[in-house]
Amino acid sequence: QVQLVESGGGLVRLGGSLRLSCEVSGDFSEISRMDWHRQAPGKQRELIGYVLSGGPAIFAPSMKGRFTVSKDSAKNILYLQRDSLQPEDTGVYYCKVVTDRFTRVFWGQGTQVTLSS
């Protein structure tokens, strides 16, 4: 089994910054890809960006320039950074990991981010 633990969400100030973490552990041979997704209230879950093993972060076109995704490969942790938070950043943020040469997919439980003024 593979476990994903997301952290860093909660109530954040409009215009402030957000940094989420997703730590992966468990039984897998390698991590092929790690993603961040977001589900805003009343909307479908959407991709923010992802990192392939050893590669740079790739972003969905609508998310490019708004988020930073980075990975600590030694610790199997994926990070998401967003500055200048806007109301549309409210939602549940999910981490996804694909392991074992793209054969297994696991999702985190999600972390709620709520903007406050």
# chains A, B, ... in the order shown; residues from 1 in each chain; ligands from 1

$ select_by_dssp --residues "stretch 3-75 of chain A" --states "strand (DSSP E or B)" --output "MDAnalysis selection string"
chainID A and resid 3:7 10:13 18:26 31:39 46:52 57:59 67:72

$ residues_around --residues "stretch 23-39 of chain A" --least-positions-apart "2" --cutoff "8 Å" --atoms "only C-alpha atoms" --output "PyMOL selection string"
chain A and resi 1-6+21+41+43-53+75-78+80+91-102

$ atom_distance --atom1 "atom CA of A:Ser116" --atom2 "atom CA of A:Leu20"
17.3 Å

$ closest_residue --among "A:Gly16, A:Gly10, A:Pro87, A:Pro56" --to "A:Ala40" --atoms "only C-alpha atoms"
A:Pro87

$ atom_distance --atom1 "atom CA of A:Arg82" --atom2 "atom CA of A:Ser7"
14.3 Å
